[in-house]
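Enquirer: What follows is run-v5.tsv, made up of TSV, C-alpha atoms and all ligand atoms:
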```
chain	number	residue	atom	x	y	z
G	1	MET	CA	31.46	-14.10	-17.07
G	2	ASP	CA	28.27	-15.81	-18.04
G	3	ASN	CA	25.70	-13.31	-19.15
G	4	ALA	CA	22.85	-15.54	-18.05
G	5	THR	CA	23.75	-15.12	-14.38
G	6	ASN	CA	22.58	-11.52	-14.56
G	7	GLN	CA	19.39	-12.19	-16.44
G	8	LEU	CA	16.48	-14.08	-15.02
G	9	SER	CA	14.73	-16.51	-17.29
G	10	SER	CA	10.99	-16.01	-17.64
G	11	ASP	CA	10.59	-19.24	-15.68
G	12	GLU	CA	12.59	-17.77	-12.83
G	13	ILE	CA	10.60	-14.51	-12.97
G	14	GLN	CA	7.36	-16.54	-12.83
G	15	LYS	CA	8.66	-18.48	-9.84
G	16	ARG	CA	9.64	-15.31	-8.00
G	17	MET	CA	6.28	-13.66	-8.74
G	18	GLN	CA	4.57	-16.76	-7.38
G	19	LEU	CA	6.64	-16.51	-4.20
G	20	ILE	CA	5.78	-12.83	-3.79
G	21	LYS	CA	2.07	-13.64	-4.19
G	22	GLU	CA	2.30	-16.50	-1.73
G	23	ASN	CA	3.72	-14.15	0.88
G	24	CYS	CA	1.47	-11.18	0.16
G	25	ILE	CA	-1.12	-10.49	2.84
G	26	PHE	CA	-3.54	-8.91	0.36
G	27	CYS	CA	-3.22	-11.88	-2.02
G	28	LYS	CA	-3.95	-14.14	0.96
G	29	ILE	CA	-7.10	-12.14	1.66
G	30	VAL	CA	-8.07	-12.44	-2.02
G	31	ASN	CA	-7.71	-16.21	-2.01
G	32	GLY	CA	-9.40	-16.64	1.36
G	33	GLU	CA	-6.36	-17.75	3.38
G	34	ILE	CA	-6.77	-14.73	5.65
G	35	PRO	CA	-10.30	-13.72	6.60
G	36	ALA	CA	-11.44	-10.15	6.08
G	37	LYS	CA	-14.54	-8.07	6.54
G	38	LYS	CA	-15.33	-7.71	2.87
G	39	ILE	CA	-17.59	-4.89	1.78
G	40	HIS	CA	-17.30	-5.35	-1.97
G	41	GLU	CA	-16.12	-8.13	-4.20
G	42	ASP	CA	-16.32	-8.68	-7.92
G	43	SER	CA	-14.23	-10.65	-10.40
G	44	GLU	CA	-11.54	-7.96	-10.47
G	45	PHE	CA	-11.56	-6.02	-7.19
G	46	LEU	CA	-11.94	-6.50	-3.48
G	47	ALA	CA	-12.68	-3.97	-0.74
G	48	PHE	CA	-12.43	-4.84	2.93
G	49	LEU	CA	-12.18	-3.11	6.30
G	50	ASP	CA	-8.70	-2.30	7.58
G	51	ILE	CA	-8.13	-4.21	10.82
G	52	ASN	CA	-6.20	-1.22	12.16
G	53	PRO	CA	-8.51	1.55	11.01
G	54	ILE	CA	-7.42	5.17	11.11
G	55	THR	CA	-11.09	6.14	11.36
G	56	LYS	CA	-14.36	4.21	11.51
G	57	GLY	CA	-14.93	2.43	8.19
G	58	HIS	CA	-11.35	2.73	6.92
G	59	THR	CA	-11.49	0.53	3.84
G	60	ILE	CA	-8.80	-0.95	1.64
G	61	LEU	CA	-9.64	-1.36	-2.02
G	62	ILE	CA	-7.37	-3.57	-4.12
G	63	PRO	CA	-7.21	-5.22	-7.51
G	64	LYS	CA	-7.27	-9.00	-7.00
G	65	GLU	CA	-4.28	-9.28	-9.28
G	66	HIS	CA	-0.97	-8.62	-7.54
G	67	TYR	CA	0.51	-5.33	-8.76
G	68	MET	CA	3.34	-4.05	-6.63
G	69	MET	CA	2.58	-0.39	-7.15
G	70	MET	CA	0.76	2.05	-9.37
G	71	ALA	CA	3.29	1.95	-12.21
G	72	PHE	CA	2.47	-1.74	-12.76
G	73	VAL	CA	-1.31	-1.36	-12.83
G	74	PRO	CA	-2.71	-1.30	-16.40
G	75	ASP	CA	-4.45	1.99	-17.22
G	76	GLU	CA	-7.86	0.37	-17.77
G	77	VAL	CA	-7.67	-1.33	-14.37
G	78	LEU	CA	-6.69	1.97	-12.76
G	79	GLY	CA	-9.66	3.64	-14.40
G	80	ARG	CA	-12.10	1.01	-13.17
G	81	ILE	CA	-10.74	0.94	-9.63
G	82	GLN	CA	-11.12	4.72	-9.36
G	83	VAL	CA	-14.76	4.51	-10.39
G	84	LEU	CA	-15.29	1.85	-7.74
G	85	ALA	CA	-13.47	4.03	-5.19
G	86	LYS	CA	-15.94	6.81	-5.96
G	87	GLN	CA	-18.93	4.50	-5.42
G	88	LEU	CA	-17.52	3.08	-2.20
G	89	SER	CA	-16.79	6.57	-0.90
G	90	GLU	CA	-20.48	7.44	-1.35
G	91	LEU	CA	-21.44	4.23	0.44
G	92	LEU	CA	-19.17	5.07	3.40
G	93	ILE	CA	-20.54	8.60	3.67
G	94	LYS	CA	-24.16	7.49	3.52
G	95	SER	CA	-23.87	4.41	5.71
G	96	LEU	CA	-21.59	5.76	8.41
G	97	ASN	CA	-22.60	9.40	8.40
G	98	ALA	CA	-19.10	10.44	7.53
G	99	ASN	CA	-18.55	14.00	6.42
G	100	ASP	CA	-16.15	13.14	3.62
G	101	VAL	CA	-13.67	10.50	2.55
G	102	ALA	CA	-9.93	10.87	2.04
G	103	LEU	CA	-8.68	8.64	-0.76
G	104	ILE	CA	-5.04	7.83	-0.31
G	105	ILE	CA	-2.64	5.85	-2.45
G	106	ALA	CA	0.64	5.24	-0.67
G	107	ASN	CA	2.62	4.56	-3.81
G	108	GLY	CA	5.93	2.99	-2.83
G	109	GLN	CA	7.68	2.48	0.49
G	110	ALA	CA	8.90	6.06	0.81
G	111	ALA	CA	5.29	7.14	0.37
G	112	GLY	CA	4.16	4.99	3.27
G	113	GLN	CA	3.14	1.83	1.41
G	114	GLN	CA	3.35	-1.05	3.88
G	115	ILE	CA	2.19	-3.99	1.80
G	116	GLN	CA	3.66	-4.33	-1.66
G	117	HIS	CA	0.30	-4.76	-3.37
G	118	PHE	CA	-1.33	-1.70	-4.92
G	119	ALA	CA	-4.21	-0.37	-2.83
G	120	ILE	CA	-6.46	2.65	-2.43
G	121	HIS	CA	-7.24	3.55	1.15
G	122	LEU	CA	-10.70	5.02	1.70
G	123	ILE	CA	-10.64	6.87	4.97
G	124	PRO	CA	-13.95	8.33	6.11
G	125	ARG	CA	-13.55	11.67	7.85
G	126	TYR	CA	-15.61	12.78	10.82
G	127	GLU	CA	-15.87	15.97	12.77
G	128	GLY	CA	-13.09	15.84	15.38
G	129	ASP	CA	-11.45	12.59	14.26
G	130	ASN	CA	-7.77	12.44	15.04
G	131	PHE	CA	-6.46	11.77	11.58
G	132	LYS	CA	-4.06	14.57	10.68
G	133	LEU	CA	-3.96	14.98	6.95
G	134	ASN	CA	-2.19	18.22	6.22
G	135	LEU	CA	-1.75	19.18	2.60
G	136	GLU	CA	-0.70	22.70	3.40
G	137	GLY	CA	2.98	23.41	2.87
G	138	GLU	CA	5.07	26.54	2.98
G	139	LYS	CA	5.01	29.37	0.50
G	140	ARG	CA	7.85	29.11	-2.02
G	141	ASP	CA	9.23	31.84	-4.18
G	142	GLU	CA	8.37	32.26	-7.85
G	143	GLU	CA	11.86	31.38	-9.05
G	144	GLU	CA	11.87	28.01	-7.34
G	145	LEU	CA	8.41	27.12	-8.64
G	146	LYS	CA	9.37	28.18	-12.15
G	147	GLU	CA	12.50	26.02	-12.00
G	148	ILE	CA	10.46	22.98	-10.99
G	149	LYS	CA	7.87	23.66	-13.68
G	150	ASP	CA	10.58	23.97	-16.34
G	151	LYS	CA	12.24	20.76	-15.23
G	152	LEU	CA	8.94	18.86	-15.45
G	153	LEU	CA	7.99	20.31	-18.82
G	154	GLU	CA	11.42	19.55	-20.22
G	155	LYS	CA	11.02	15.88	-19.32
G	156	LEU	CA	7.46	15.81	-20.59
G	157	GLN	CA	8.44	17.20	-23.96
G	158	GLY	CA	11.33	14.76	-24.16
G	159	ALA	CA	8.94	11.89	-23.55
G	160	VAL	CA	6.49	12.79	-26.32
F	201	ZN	ZN	-0.57	-9.35	-3.49
```
Rewrite the structure of this file - the entire thing - as structure tokens.
Expert:
Amino acid sequence: MDNATNQLSSDEIQKRMQLIKENCIFCKIVNGEIPAKKIHEDSEFLAFLDINPITKGHTILIPKEHYMMMAFVPDEVLGRIQVLAKQLSELLIKSLNANDVALIIANGQAAGQQIQHFAIHLIPRYEGDNFKLNLEGEKRDEEELKEIKDKLLEKLQGAV
């Protein structure tokens, strides 16, 4: 069995990445193939209005570079995009009289990510809007929480 059949050459990886970018809706917005209502653009990031907004002013903020999900975004880029998210949140509140803004990263398909290009959703919240964001779960017992904590710390210590 030829080992090479299981391993992609860097040429092949490049080709596949190119194909992913060519088919990515957000990349198409970045390169102007699909129009969007842009509210911020610089050399690195783009923010535009969601065409199916959850609330008025629902904005999608993306790095122009195609990163599939958070794990692939370099730390410095993540830092800068969060600062921009903070500024845009203020803009949404002031301009649209929103009460607050929910910042949501659907990181991966199981987390609700629909387009495989990392994005931060900025969702302005208004009195009586219909967006149900419920972060309240059910009370769990001490033992279960301790078990989870131990499991996480064990991994953390193993990683250092
Ligand atoms: Zn993309």
Enquirer: Any residue with an atom at most 8 Å from ligand ZN 201 (chain F) counts, using all atoms listed in the file. Which are they? Put them as a list of chain:residue names.
Expert: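 Those within range of ligand ZN 201 (chain F) are G:Ile20, G:Lys21, G:Glu22, G:Asn23, G:Cys24, G:Ile25, G:Phe26, G:Cys27, G:Lys28, G:Lys64, G:Glu65, G:His66, G:Tyr67, G:Met68, G:Gln116, G:His117, G:Phe118.
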Enquirer: Could you jot down the CA of Leu61 (chain G) to CA of Gln113 (chain G) separation for me, Å, one decimal place?
Expert: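 Those two atoms sit 13.6 Å apart.
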Enquirer: Taking into account all atoms listed in the file, which residue in the set G:Thr55, G:Ser9, G:Gln82, G:Asn97 is nearest to Ile123 (chain G)?
Expert: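 Among the listed residues, G:Thr55 lies closest to Ile123 (chain G).
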Enquirer: Mind giving me the straight-line distance from CA of Ser43 (chain G) to CA of Leu96 (chain G) in Å, one decimal?
Expert: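 Value for the CA of Ser43 (chain G)-CA of Leu96 (chain G) distance: 26.0 Å.
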Enquirer: If you count only C-alpha atoms, which residues fall within 12 Å of Leu88 (chain G), apart from same-chain ones fewer than 4 positions away, as a PyMOL selection string?
Expert: chain G and resi 39-41+45-49+57-61+81-84+92-96+100-103+120-124
Enquirer: Between CA of Gln18 (chain G) and CA of Ile62 (chain G), what is the distance, to one decimal in Å?
Expert: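 Those two atoms sit 18.1 Å apart.
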Enquirer: Give the answer as one residue: which of G:Val77, G:Lys149, G:Ala119, G:Gln157 has the shortest atom-to-atom distance to Asn107 (chain G), using only C-alpha atoms?
Expert: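 Closest to Asn107 (chain G) of all the choices is G:Ala119.
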